Amino acid sequence: MKVFWLYAHPESRSLNGALKDEGIRTLEAAGHEVRVSDLYAMKWNPVVDADDYGHDRTERLDVARASQEAYETGQLAPDVVAEQEKIDWADAVIVQFPLWWYGMPAILKGWFDRVFVKGFGYGVQDADGRTLRYGEGRLAGKRAMVVLTAGAFEPSLGPRGINGSLESVLYPLQHGTFWYTGMSVLPPLLVPAANRVSPEQYAEAAARLRDRLDTLATTPPLAYRTQNGGDYDEDLVLRPHLAPDRTDLAIHRRS
């Protein structure tokens, strides 16, 4: 497989850095091709700017329109194009980061803001004008998996934990970004209590990571419902006979 490893942590000697290196060694030893974006090492600019699109600053910036025009005419900033090429090249995408304030580090959020422009990540339609998203779209056929560390203990990220379930915490990324663009979403790999990991616990975490990477092509993805498969009405609301009387985010997965 061709694997793109998208990594966001400022310290190469961290737990995250060690796991990244272990993961890349595992993939390469198994014969996979790997490309890496280490955002902090790259000093990635996370800020959307008119210069990304060659936009005339004397005119009002409509980000969606300007980004689509730049994408379609080959006028996007070179660093954005380089990242899009890595996505296009890959069969699978690993996104690794520490969980900070219930989300991604800002540099990683900014990567998605700049790279997943209209026409590439969203605003995609078929020949009949039907919007292709949530299971369909330009990135359909690719696999995506989150590898993350968290300071919290694992039970507190469970269904009744004070931090909310891991599925809920990752919903914006897994469902709202990966699945939205068409990518199949694999179950995430969590390393909890990250600032308390002993050598023995690290060895166990590294073994779990190796196992997940060894099965990257075969692990069943999360069974999210497709937008255009009939489960949603014309307002994109789940039909009342499906998961009746429930409103939790898990209703958007088939049981």
# chains A, B, ... in the order shown; residues from 1 in each chain; ligands from 1
>>> closest_atom_pairs(of="range 140-199 of chain A", to="range 15-19 of chain A", cutoff="9 Å", atoms="only C-alpha atoms", output="Markdown table")
| residue | atom | partner | partner_atom | distance |
| --- | --- | --- | --- | --- |
| A:Leu148 | CA | A:Asn16 | CA | 8.0 |
| A:Thr149 | CA | A:Asn16 | CA | 7.3 |
| A:Ala194 | CA | A:Leu15 | CA | 7.4 |
| A:Asn195 | CA | A:Leu15 | CA | 8.4 |
| A:Val197 | CA | A:Leu15 | CA | 8.5 |
>>> residues_around(residues="range 205-215 of chain A", least_positions_apart="3", cutoff="12 Å", atoms="only C-alpha atoms", output="ChimeraX atom specification")
/A:1,3,5,15-32,92-94,96,143-149,186-194,197-202,218-221
>>> residues_around(residues="Arg196 in chain A", least_positions_apart="6", cutoff="10 Å", atoms="only C-alpha atoms", output="CSV table (one decimal) with C-alpha atoms, in the first residue's frame")
chain,number,residue,atom,x,y,z
A,151,GLY,CA,-3.6,12.8,28.9
A,152,ALA,CA,-6.9,11.3,30.2
A,153,PHE,CA,-7.3,7.7,31.4
A,202,TYR,CA,5.0,2.0,25.7
>>> closest_residue(among="A:Trp89, A:Tyr224, A:Tyr102, A:Phe4", to="Gly164 in chain A", atoms="only C-alpha atoms")
A:Tyr102
>>> closest_atom_pairs(of="range 157-198 of chain A", to="range 240-255 of chain A", cutoff="10 Å", atoms="only C-alpha atoms", output="tab-separated table")
residue	atom	partner	partner_atom	distance
A:Glu167	CA	A:Ala250	CA	8.1
A:Ser168	CA	A:Leu249	CA	6.8
A:Tyr171	CA	A:Leu249	CA	7.9
A:His175	CA	A:His252	CA	9.0
>>> residues_around(residues="Gly103 in chain A", least_positions_apart="3", cutoff="9 Å", atoms="only C-alpha atoms", output="list in words")
Pro98, Leu99, Trp100, Ala106, Lys109, Val169, Leu170, Pro172 and Leu173 of chain A
>>> select_by_dssp(residues="range 5-238 of chain A", states="strand (DSSP E)", output="ChimeraX atom specification")
/A:5-7,33-38,92-98,143-149,184-185,189-191
>>> select_by_dssp(residues="range 163-244 of chain A", states="helix (DSSP H, G or I)", output="PyMOL selection string")
chain A and resi 166-179+194-196+199-214
>>> atom_distance(atom1="CA of Tyr232 in chain A", atom2="CA of Arg130 in chain A")
14.5 Å
>>> closest_residue(among="A:Arg225, A:His9, A:Lys86, A:Lys118", to="Asp62 in chain A", atoms="only C-alpha atoms")
A:Lys118
>>> closest_residue(among="A:Leu39, A:Ala223, A:Val185, A:Val81", to="Pro105 in chain A", atoms="only C-alpha atoms")
A:Leu39
>>> closest_residue(among="A:Ala8, A:Ala70, A:Val115, A:Met183", to="Phe97 in chain A", atoms="only C-alpha atoms")
A:Ala8
>>> closest_residue(among="A:Pro159, A:Pro10, A:Gly110, A:Gly54", to="Ala77 in chain A", atoms="only C-alpha atoms")
A:Gly54
>>> atom_distance(atom1="CA of Tyr7 in chain A", atom2="CA of Ile107 in chain A")
10.1 Å
